[in-house]
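K.L.:
Next comes final33.tsv, TSV, C-alpha atoms:
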```tsv
chain	number	residue	atom	x	y	z
W	1	MET	CA	59.80	46.35	47.25
W	2	ARG	CA	59.80	49.96	46.10
W	3	ARG	CA	57.01	50.96	43.75
W	4	LEU	CA	58.46	53.02	40.89
W	5	LEU	CA	55.17	54.70	39.99
W	6	ASP	CA	54.86	56.02	43.54
W	7	MET	CA	57.91	58.18	42.92
W	8	SER	CA	57.84	61.72	41.59
W	9	PHE	CA	60.42	62.66	38.98
W	10	ALA	CA	62.59	64.17	41.74
W	11	GLU	CA	62.22	61.09	43.96
W	12	LEU	CA	63.08	58.80	41.05
W	13	GLY	CA	66.14	60.96	40.35
W	14	GLU	CA	67.28	60.56	43.95
W	15	TYR	CA	66.86	56.81	43.67
W	16	MET	CA	68.88	56.69	40.44
W	17	ALA	CA	71.60	58.69	42.19
W	18	GLU	CA	71.58	56.16	45.06
W	19	LEU	CA	72.21	53.46	42.46
W	20	GLY	CA	75.12	55.44	41.02
W	21	GLN	CA	73.32	56.13	37.74
W	22	PRO	CA	73.72	59.25	35.59
W	23	ARG	CA	70.95	61.86	35.74
W	24	TYR	CA	69.53	61.03	32.30
W	25	ARG	CA	68.51	57.55	33.50
W	26	THR	CA	65.63	59.20	35.40
W	27	GLY	CA	64.03	60.39	32.17
W	28	GLN	CA	64.57	57.01	30.51
W	29	VAL	CA	62.85	55.11	33.33
W	30	MET	CA	59.99	57.61	33.55
W	31	ARG	CA	59.30	57.39	29.80
W	32	TRP	CA	59.14	53.60	29.97
W	33	LEU	CA	56.81	53.72	32.96
W	34	CYS	CA	54.47	56.12	31.16
W	35	ARG	CA	54.29	53.67	28.25
W	36	GLY	CA	53.21	50.89	30.60
W	37	ALA	CA	56.42	48.89	30.23
W	38	ASP	CA	57.72	46.30	32.67
W	39	ILE	CA	61.26	46.67	34.00
W	40	SER	CA	62.48	43.86	31.73
W	41	GLU	CA	61.23	45.82	28.69
W	42	MET	CA	63.31	48.95	29.44
W	43	THR	CA	65.82	47.99	26.78
W	44	ASP	CA	67.88	51.20	26.74
W	45	LEU	CA	68.87	50.61	30.37
W	46	PRO	CA	71.98	48.50	31.11
W	47	LEU	CA	71.15	44.89	31.92
W	48	SER	CA	72.79	45.29	35.34
W	49	LEU	CA	70.43	48.21	36.18
W	50	ARG	CA	67.37	46.29	35.02
W	51	GLN	CA	68.40	43.37	37.22
W	52	ARG	CA	68.93	45.67	40.20
W	53	LEU	CA	65.55	47.35	39.64
W	54	SER	CA	63.83	43.96	39.35
W	55	GLU	CA	65.35	42.89	42.67
W	56	GLU	CA	64.38	46.05	44.55
W	57	CYS	CA	61.27	47.37	42.79
W	58	GLU	CA	57.94	46.74	41.17
W	59	THR	CA	56.47	49.15	38.66
W	60	GLY	CA	53.03	49.47	40.26
W	61	LEU	CA	51.32	48.72	36.97
W	62	PRO	CA	48.14	46.66	37.34
W	63	VAL	CA	47.33	43.61	35.24
W	64	VAL	CA	44.19	43.55	33.11
W	65	ALA	CA	42.07	40.71	34.53
W	66	GLU	CA	39.03	41.41	32.38
W	67	LYS	CA	38.14	43.84	29.63
W	68	LEU	CA	34.62	44.67	28.47
W	69	VAL	CA	33.78	46.88	25.48
W	70	SER	CA	30.31	48.37	25.05
W	71	GLN	CA	28.72	47.59	21.70
W	72	ARG	CA	26.50	50.65	22.14
W	73	ASP	CA	28.96	53.47	22.68
W	74	GLY	CA	32.50	52.04	22.82
W	75	THR	CA	32.91	52.54	26.55
W	76	ILE	CA	35.66	50.25	27.88
W	77	LYS	CA	35.58	48.77	31.36
W	78	LEU	CA	38.76	47.28	32.79
W	79	LEU	CA	39.03	45.02	35.82
W	80	PHE	CA	42.55	45.32	37.18
W	81	ALA	CA	44.44	42.92	39.44
W	82	LEU	CA	46.98	44.61	41.71
W	83	SER	CA	50.22	43.01	42.88
W	84	ASP	CA	48.55	41.50	45.98
W	85	GLY	CA	45.55	40.18	44.04
W	86	GLN	CA	43.13	42.97	45.00
W	87	LEU	CA	40.73	43.93	42.21
W	88	VAL	CA	39.77	47.45	41.13
W	89	GLU	CA	37.99	48.94	38.13
W	90	SER	CA	38.54	51.70	35.61
W	91	VAL	CA	36.27	52.90	32.82
W	92	VAL	CA	37.41	54.68	29.64
W	93	MET	CA	34.77	56.97	28.16
W	94	ASP	CA	34.78	58.70	24.79
W	95	TYR	CA	33.58	62.30	24.69
W	96	GLU	CA	33.65	64.93	21.96
W	97	HIS	CA	36.61	66.64	23.62
W	98	GLY	CA	38.59	63.39	23.97
W	99	LYS	CA	38.98	60.30	26.12
W	100	THR	CA	38.51	60.34	29.89
W	101	VAL	CA	39.30	57.56	32.34
W	102	CYS	CA	37.49	56.99	35.62
W	103	VAL	CA	39.86	55.46	38.17
W	104	SER	CA	39.50	53.79	41.57
W	105	SER	CA	41.23	55.12	44.69
W	106	GLN	CA	40.54	52.18	47.04
W	107	ALA	CA	39.97	48.45	46.82
W	108	GLY	CA	36.44	48.43	48.15
W	109	CYS	CA	34.83	51.21	50.15
W	110	ARG	CA	33.66	51.75	53.73
W	111	MET	CA	31.24	54.64	53.10
W	112	GLY	CA	28.20	52.35	52.88
W	113	CYS	CA	26.13	54.29	50.33
W	114	ARG	CA	23.04	52.15	49.83
W	115	PHE	CA	22.80	52.45	46.04
W	116	CYS	CA	26.45	51.66	45.30
W	117	ALA	CA	28.06	48.34	44.38
W	118	SER	CA	31.51	49.56	45.46
W	119	THR	CA	30.63	49.18	49.15
W	120	LEU	CA	29.65	45.52	48.84
W	121	GLY	CA	32.17	43.66	50.99
W	122	GLY	CA	33.51	46.85	52.61
W	123	LEU	CA	37.01	48.28	52.34
W	124	ALA	CA	39.99	46.01	51.68
W	125	ARG	CA	42.70	48.68	51.55
W	126	ASN	CA	43.79	52.04	50.15
W	127	LEU	CA	45.58	52.28	46.83
W	128	SER	CA	48.95	53.98	46.63
W	129	ALA	CA	49.43	56.99	44.36
W	130	GLY	CA	51.32	54.77	41.92
W	131	GLU	CA	48.57	52.16	41.84
W	132	ILE	CA	46.07	54.86	40.89
W	133	LEU	CA	48.46	56.24	38.27
W	134	GLY	CA	49.00	52.73	36.91
W	135	GLN	CA	45.31	52.51	36.02
W	136	VAL	CA	45.64	55.57	33.77
W	137	ILE	CA	48.81	54.30	32.13
W	138	VAL	CA	47.52	50.80	31.40
W	139	ALA	CA	44.15	52.12	30.21
W	140	GLN	CA	46.00	54.40	27.78
W	141	ARG	CA	48.12	51.47	26.63
W	142	GLU	CA	45.02	49.29	26.15
W	143	ILE	CA	43.20	51.78	23.93
W	144	GLY	CA	46.29	52.91	22.02
W	145	ALA	CA	45.37	56.58	22.34
W	146	ARG	CA	46.09	59.49	24.64
W	147	ILE	CA	43.81	59.97	27.62
W	148	GLY	CA	43.19	63.66	28.22
W	149	GLY	CA	41.00	63.62	31.32
W	150	VAL	CA	40.75	61.80	34.64
W	151	VAL	CA	37.86	61.45	37.06
W	152	ILE	CA	38.57	59.92	40.46
W	153	MET	CA	35.10	58.54	40.75
W	154	GLY	CA	35.63	54.78	40.64
W	155	ILE	CA	35.70	52.37	43.56
W	156	GLY	CA	36.41	54.04	46.89
W	157	GLU	CA	36.08	57.45	48.52
W	158	PRO	CA	39.04	59.59	47.41
W	159	PHE	CA	39.13	61.70	50.59
W	160	ASP	CA	39.25	58.52	52.68
W	161	ASN	CA	42.65	58.04	51.01
W	162	TYR	CA	43.48	61.73	50.90
W	163	ASP	CA	47.28	61.83	50.85
W	164	ASN	CA	47.67	59.19	48.14
W	165	VAL	CA	44.99	60.80	45.96
W	166	VAL	CA	46.60	64.24	46.18
W	167	LYS	CA	50.00	62.73	45.36
W	168	PHE	CA	48.42	60.94	42.40
W	169	VAL	CA	47.08	64.25	41.07
W	170	ARG	CA	50.55	65.74	41.29
W	171	LEU	CA	52.07	62.69	39.57
W	172	VAL	CA	49.58	62.44	36.72
W	173	SER	CA	49.78	66.17	36.00
W	174	ALA	CA	53.58	66.38	36.13
W	175	PRO	CA	55.15	67.61	32.86
W	176	GLU	CA	57.75	64.81	33.07
W	177	GLY	CA	54.98	62.22	33.25
W	178	LEU	CA	51.57	61.96	31.59
W	179	ASN	CA	51.13	65.75	31.76
W	180	ILE	CA	47.33	65.66	32.16
W	181	GLY	CA	46.45	69.16	33.34
W	182	CYS	CA	44.72	69.58	36.70
W	183	ARG	CA	41.85	71.40	34.99
W	184	HIS	CA	41.08	68.10	33.27
W	185	ILE	CA	40.95	66.19	36.56
W	186	SER	CA	37.84	65.77	38.73
W	187	ILE	CA	37.78	64.43	42.28
W	188	SER	CA	34.47	63.04	43.53
W	189	THR	CA	33.46	62.80	47.17
W	190	CYS	CA	30.41	61.44	48.95
W	191	GLY	CA	30.63	64.41	51.29
W	192	MET	CA	33.77	64.28	53.45
W	193	VAL	CA	33.81	67.90	54.56
W	194	ASP	CA	37.31	67.77	56.04
W	195	GLY	CA	38.68	66.56	52.70
W	196	ILE	CA	36.93	69.33	50.77
W	197	ARG	CA	38.41	71.97	53.06
W	198	LYS	CA	41.92	70.48	52.81
W	199	LEU	CA	41.74	70.22	49.02
W	200	ALA	CA	40.75	73.89	48.75
W	201	ARG	CA	44.18	74.78	50.16
W	202	GLU	CA	46.30	72.44	47.99
W	203	GLU	CA	46.54	74.92	45.09
W	204	LEU	CA	45.46	72.21	42.66
W	205	PRO	CA	42.97	73.62	40.10
W	206	VAL	CA	40.95	70.40	39.88
W	207	THR	CA	37.17	70.17	39.63
W	208	LEU	CA	35.32	69.12	42.77
W	209	SER	CA	32.44	66.73	42.19
W	210	VAL	CA	30.07	66.13	45.11
W	211	SER	CA	27.70	63.18	45.35
W	212	LEU	CA	24.65	64.89	46.87
W	213	HIS	CA	21.65	62.70	45.92
W	214	SER	CA	19.29	64.59	48.21
W	215	ALA	CA	19.10	68.03	49.81
W	216	ILE	CA	16.83	66.65	52.56
W	217	ASN	CA	18.84	65.41	55.54
W	218	SER	CA	16.51	62.56	56.46
W	219	VAL	CA	16.54	61.19	52.90
W	220	ARG	CA	20.27	61.69	52.39
W	221	SER	CA	21.09	60.03	55.72
W	222	GLU	CA	19.13	56.95	54.64
W	223	LEU	CA	21.03	56.78	51.36
W	224	MET	CA	24.45	57.92	52.57
W	225	PRO	CA	25.64	57.28	56.15
W	226	ILE	CA	28.23	60.07	55.78
W	227	ASN	CA	25.36	62.55	56.13
W	228	LYS	CA	25.00	61.57	59.78
W	229	LYS	CA	28.47	63.04	60.38
W	230	TRP	CA	28.23	66.04	58.07
W	231	SER	CA	24.77	67.36	57.24
W	232	VAL	CA	23.65	68.79	53.91
W	233	GLU	CA	24.12	72.29	55.34
W	234	GLU	CA	27.68	71.58	56.51
W	235	LEU	CA	28.53	69.97	53.17
W	236	LEU	CA	27.21	72.84	51.07
W	237	SER	CA	28.92	75.39	53.31
W	238	ALA	CA	32.23	73.59	52.67
W	239	CYS	CA	31.50	73.57	48.94
W	240	ARG	CA	30.91	77.30	49.00
W	241	GLU	CA	34.19	77.74	50.87
W	242	TYR	CA	35.93	75.61	48.23
W	243	PHE	CA	34.70	77.91	45.47
W	244	ASP	CA	35.53	81.08	47.38
W	245	ILE	CA	39.13	79.90	47.82
W	246	THR	CA	39.74	78.26	44.43
W	247	GLY	CA	37.30	79.90	42.02
W	248	ARG	CA	36.71	76.45	40.52
W	249	ARG	CA	33.30	75.26	39.40
W	250	ILE	CA	31.63	72.58	41.51
W	251	SER	CA	29.62	69.71	40.07
W	252	PHE	CA	26.86	68.07	42.11
W	253	GLU	CA	25.96	64.49	41.23
W	254	TYR	CA	22.36	63.50	41.90
W	255	ILE	CA	21.34	59.87	41.33
W	256	LEU	CA	17.61	59.71	40.70
W	257	ILE	CA	16.03	56.71	42.44
W	258	ALA	CA	12.38	55.88	41.79
W	259	GLY	CA	10.21	56.58	44.82
W	260	VAL	CA	13.13	57.72	46.97
W	261	ASN	CA	14.45	61.12	45.85
W	262	ASP	CA	12.74	61.83	42.52
W	263	LYS	CA	9.62	63.76	43.56
W	264	VAL	CA	8.89	67.39	42.70
W	265	SER	CA	9.33	68.19	46.40
W	266	ASP	CA	12.84	66.70	46.26
W	267	ALA	CA	13.66	68.90	43.27
W	268	ALA	CA	12.30	71.95	45.07
W	269	ALA	CA	14.45	71.19	48.13
W	270	LEU	CA	17.50	70.85	45.92
W	271	ALA	CA	16.73	74.12	44.15
W	272	ALA	CA	16.32	75.92	47.48
W	273	ALA	CA	19.63	74.56	48.78
W	274	MET	CA	21.46	75.60	45.61
W	275	ASP	CA	19.95	79.08	45.89
W	276	GLU	CA	20.99	79.44	49.52
W	277	TYR	CA	24.54	78.11	49.35
W	278	MET	CA	25.59	78.28	45.69
W	279	ASN	CA	24.01	81.58	44.64
W	280	GLY	CA	26.42	83.29	42.24
W	281	VAL	CA	28.64	80.19	42.05
W	282	PRO	CA	29.10	78.42	38.69
W	283	ALA	CA	27.73	75.16	40.06
W	284	HIS	CA	26.31	72.40	37.93
W	285	VAL	CA	23.83	69.65	38.81
W	286	ASN	CA	24.28	66.36	36.99
W	287	LEU	CA	21.17	64.15	37.12
W	288	ILE	CA	21.98	60.44	36.88
W	289	PRO	CA	19.21	57.87	36.44
W	290	CYS	CA	19.94	55.08	38.91
W	291	ASN	CA	21.85	52.14	37.42
W	292	PRO	CA	20.22	49.05	38.97
W	293	VAL	CA	22.46	46.92	41.19
W	294	LYS	CA	20.82	43.57	41.94
W	295	GLU	CA	22.00	43.55	45.57
W	296	ARG	CA	20.43	46.98	46.18
W	297	GLY	CA	16.96	46.79	44.61
W	298	PHE	CA	16.76	50.44	43.50
W	299	LYS	CA	15.37	51.41	40.10
W	300	PRO	CA	15.53	54.58	37.98
W	301	PRO	CA	12.46	56.76	37.51
W	302	GLY	CA	10.66	56.92	34.17
W	303	ARG	CA	11.65	59.43	31.54
W	304	ASP	CA	8.72	61.73	32.34
W	305	GLU	CA	9.69	61.91	36.03
W	306	ILE	CA	13.31	62.71	35.12
W	307	ILE	CA	12.26	65.52	32.76
W	308	ARG	CA	9.87	66.90	35.38
W	309	PHE	CA	12.63	66.93	38.01
W	310	LYS	CA	15.00	68.71	35.62
W	311	ALA	CA	12.36	71.31	34.75
W	312	VAL	CA	11.92	72.32	38.40
W	313	LEU	CA	15.64	73.10	38.63
W	314	GLU	CA	15.73	74.92	35.30
W	315	ARG	CA	12.88	77.20	36.34
W	316	LYS	CA	15.05	78.25	39.28
W	317	GLY	CA	17.92	79.09	36.94
W	318	ILE	CA	20.10	76.13	37.94
W	319	ASN	CA	22.55	74.74	35.41
W	320	VAL	CA	21.42	71.12	35.09
W	321	THR	CA	21.97	68.24	32.70
W	322	ILE	CA	20.96	64.58	32.50
W	323	ARG	CA	24.03	62.41	32.25
W	324	ARG	CA	24.36	60.43	29.07
W	325	LYS	CA	24.30	56.77	30.06
W	326	LEU	CA	27.52	55.10	28.96
W	327	GLY	CA	28.39	51.41	29.05
W	328	SER	CA	24.96	50.26	30.21
W	329	ASP	CA	25.41	46.93	28.42
W	330	ILE	CA	28.64	46.16	30.32
W	331	ASN	CA	27.58	47.11	33.88
W	332	ALA	CA	29.76	50.22	33.82
W	333	SER	CA	28.67	51.33	37.29
W	334	CYS	CA	31.52	51.27	39.80
W	335	GLY	CA	32.02	48.04	41.68
W	336	GLN	CA	29.76	45.73	39.70
W	337	LEU	CA	32.53	43.91	37.84
W	338	ARG	CA	34.65	43.62	40.99
W	339	ALA	CA	31.70	42.29	43.00
W	340	SER	CA	30.88	39.65	40.39
W	341	ALA	CA	34.52	38.57	40.16
W	342	ARG	CA	34.79	38.28	43.96
W	343	SER	CA	31.59	36.25	44.22
W	344	ALA	CA	32.87	33.84	41.57
W	345	THR	CA	36.00	33.00	43.56
```
In structure tokens, what does this structure look like?

P.N.:
Amino acid sequence: MRRLLDMSFAELGEYMAELGQPRYRTGQVMRWLCRGADISEMTDLPLSLRQRLSEECETGLPVVAEKLVSQRDGTIKLLFALSDGQLVESVVMDYEHGKTVCVSSQAGCRMGCRFCASTLGGLARNLSAGEILGQVIVAQREIGARIGGVVIMGIGEPFDNYDNVVKFVRLVSAPEGLNIGCRHISISTCGMVDGIRKLAREELPVTLSVSLHSAINSVRSELMPINKKWSVEELLSACREYFDITGRRISFEYILIAGVNDKVSDAAALAAAMDEYMNGVPAHVNLIPCNPVKERGFKPPGRDEIIRFKAVLERKGINVTIRRKLGSDINASCGQLRASARSAT
């Protein structure tokens, strides 16, 4: 079965031509897909074409298996079932500048980060570009409003599914599709240096977001096995290269875990690393109090420790913020809803 959402506008046009359809059918099908419609609902297509498409294709749209809405801030968490029954998550967040959706790039994850629920159970499979795009489309349909930003920061490591993620970026930003500009798209990585270097040469003006979580190799290796392949120094060198090639700001995510990476000495190490590798670069450090995952046992530091950590960075002139906690009453951290659903089956 072909997946319609995996096709670019040009590829869809070629397929319509194969079926003997006039050129304008491509635009009709694409508009229906962007609305989140099933093939049977594409009512301005001839019945014979809808039947042919149903025989040969699936849309790639996921099905909403569960929907949670935060009573605190309106954050919406969606558990999606894909065509083969795999489960992934997306989160819709409301900011002053508009609505942003966080999407998954894999069903499960093999990176093994110790604080993360997404790695529980390992990696099932990669998502296709269309399956990632389908999350954006259905989320937009569910909320009844335009989504203006995308972060690829859900379940999975985007650079472990590099080709499909890059194709997704091209699809979601295409003028004939959802037309979400690349400057409103962020790609997060746990530190796959080869992926960072490849992305720098794609000519896609996206924002790179790097999960750092410690600037001390021994600490980071305990938290993130990827650090045993690419050290903090190799990672930050690649980040500097990314900026030098693209001119795009880099965001560093730093989950604060009580007693693990939240000491003043940890902040000082981070400040020193930023000064050495990111000096003169418009980098940003985003401090994230750890969201407890019962299988992991980590806890966030107290408010005083968080403020103290932030102050060390500010004194060194580093642009730093504490992330506003969204969806805390609905377990909005990646992987938690999927893990609970899998354990219940």

K.L.:
Could you work out how far atom CA of Ser188 of chain W lies from atom CA of Lys228 of chain W, giving the answer in Å with one decimal?

P.N.:
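Atom CA of Lys228 of chain W sits 18.9 Å away from atom CA of Ser188 of chain W.
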
K.L.:
Excluding same-chain residues fewer than 6 positions from Gln135 of chain W, what lies within 7 Å of it counting all atoms listed in the file, as a PyMOL selection string?

P.N.:
chain W and resi 62+90+103

K.L.:
Output C-alpha atoms of each residue in that selection to a file, as a CSV table (one decimal), in the coordinates of the input.

P.N.:
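Output saved as again_36.csv:
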```csv
chain,number,residue,atom,x,y,z
W,62,PRO,CA,48.1,46.7,37.3
W,90,SER,CA,38.5,51.7,35.6
W,103,VAL,CA,39.9,55.5,38.2
```

K.L.:
Given only C-alpha atoms as the basis, pick out the residue of W:Asp73, W:Glu176, W:Glu314, W:Asp160 nearest to Gln106 of chain W.

P.N.:
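Between W:Asp73, W:Glu176, W:Glu314, W:Asp160, the residue approaching Gln106 of chain W most closely is W:Asp160.
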
K.L.:
Using all atoms listed in the file, which residue out of W:Arg183, W:Ala81, W:Ile245, W:Val91 lies closest to Leu68 of chain W?

P.N.:
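Of the candidates, the smallest distance to Leu68 of chain W is held by W:Val91.
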
K.L.:
Using only C-alpha atoms, which residue out of W:Gly148, W:Gly191, W:Gly108, W:Pro205 lies closest to Ile226 of chain W?

P.N.:
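Using only C-alpha atoms, Ile226 of chain W sits closest to W:Gly191.
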
K.L.:
Report the distance between atom CA of Ala269 of chain W and atom CA of Pro158 of chain W in Å, rounded to one decimal place.

P.N.:
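Those two atoms sit 27.2 Å apart.
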
K.L.:
Quick one, how far is atom CA of Pro282 of chain W from atom CA of Arg249 of chain W?

P.N.:
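These two atoms are separated by 5.3 Å.
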
K.L.:
For segment 167-172 of chain W, please output as JSON, numbers by chain all residues within 9 Å (counting all atoms listed in the file; exclusion window: fewer than 4 positions along the same chain).

P.N.:
{"W": [5, 6, 7, 8, 9, 128, 129, 130, 131, 132, 133, 136, 162, 163, 176, 177, 178, 179, 180, 181, 182, 185, 204, 206]}

K.L.:
Rank W:Arg125, W:Arg50, W:Arg324, W:Lys316 by their smallest atom-to-atom distance to Met93 of chain W, using all atoms listed in the file, and report the top residue only.

P.N.:
W:Arg324

K.L.:
Anything within 12 Å of (70.3, 54.1, 37.6): list those residues as JSON, numbers by chain, counting all atoms listed in the file and sticking to the file's coordinates.

P.N.:
{"W": [12, 13, 14, 15, 16, 17, 18, 19, 20, 21, 22, 23, 24, 25, 26, 27, 28, 29, 30, 42, 44, 45, 46, 47, 48, 49, 50, 51, 52, 53]}

K.L.:
Name the residues in contact with Leu87 of chain W at a cut-off of 8 Å, using only C-alpha atoms, excluding same-chain residues fewer than 4 positions from it; report them as a compact mmCIF listing (two decimals) with C-alpha atoms, keeping the file's coordinate frame.

P.N.:
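File produced: out-v5.txt:
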```txt
# COMPACT_ATOMS: atom_id res chain seq x y z
CA LEU W 79 39.03 45.02 35.82
CA PHE W 80 42.55 45.32 37.18
CA ALA W 81 44.44 42.92 39.44
CA LEU W 82 46.98 44.61 41.71
CA ALA W 107 39.97 48.45 46.82
CA ARG W 338 34.65 43.62 40.99
```

K.L.:
Choose the residue, out of W:Leu235, W:Ile257, W:Leu313, W:Val293, that has the smallest atom-to-atom separation from Leu120 of chain W; count only C-alpha atoms.

P.N.:
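Of all the options, W:Val293 lies closest to Leu120 of chain W.
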
K.L.:
I'd like the neighbourhood of Val193 of chain W as a list in words, where a residue qualifies if any of its atoms comes within 7 Å (using all atoms listed in the file), though same-chain residues fewer than 4 positions away should be ignored.

P.N.:
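Skipping anything fewer than 4 positions along the chain leaves Arg197, Trp230, Leu235 and Ala238 of chain W.
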
K.L.:
May I have the residues from that selection written out with C-alpha atoms, as a JSON list (two decimals), in the coordinates of the input?

P.N.:
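Generated output (result_18.json):
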```json
[["chain", "number", "residue", "atom", "x", "y", "z"],
["W", 197, "ARG", "CA", 38.41, 71.97, 53.06],
["W", 230, "TRP", "CA", 28.23, 66.04, 58.07],
["W", 235, "LEU", "CA", 28.53, 69.97, 53.17],
["W", 238, "ALA", "CA", 32.23, 73.59, 52.67]]
```

K.L.:
Applying 10 Å and all atoms listed in the file, which residues near Glu142 of chain W remain after dropping the ones on its own chain fewer than 4 positions away? List them as a list in words.

P.N.:
Gly36, Val64, Lys67, Ile76, Leu78, Val92, Val136, Ile137 and Val138 of chain W

K.L.:
Pick out the closest residue to Ile322 of chain W from this set: W:Val150, W:Met1, W:Val285, W:Leu208. Count all atoms listed in the file.

P.N.:
W:Val285

K.L.:
Kindly assemble as a tab-separated table a list of the segment 46-141 of chain W residues that lie within 12 Å of segment 209-222 of chain W, each paired with its nearest atom pair and their distance in Å to one decimal, using only C-alpha atoms, sorted first by chain and then by ascending residue number.

P.N.:
```
residue	atom	partner	partner_atom	distance
W:Met111	CA	W:Ser221	CA	11.8
W:Gly112	CA	W:Glu222	CA	10.3
W:Cys113	CA	W:Glu222	CA	8.6
W:Arg114	CA	W:Glu222	CA	7.8
W:Phe115	CA	W:His213	CA	10.3
W:Cys116	CA	W:Ser211	CA	11.6
```
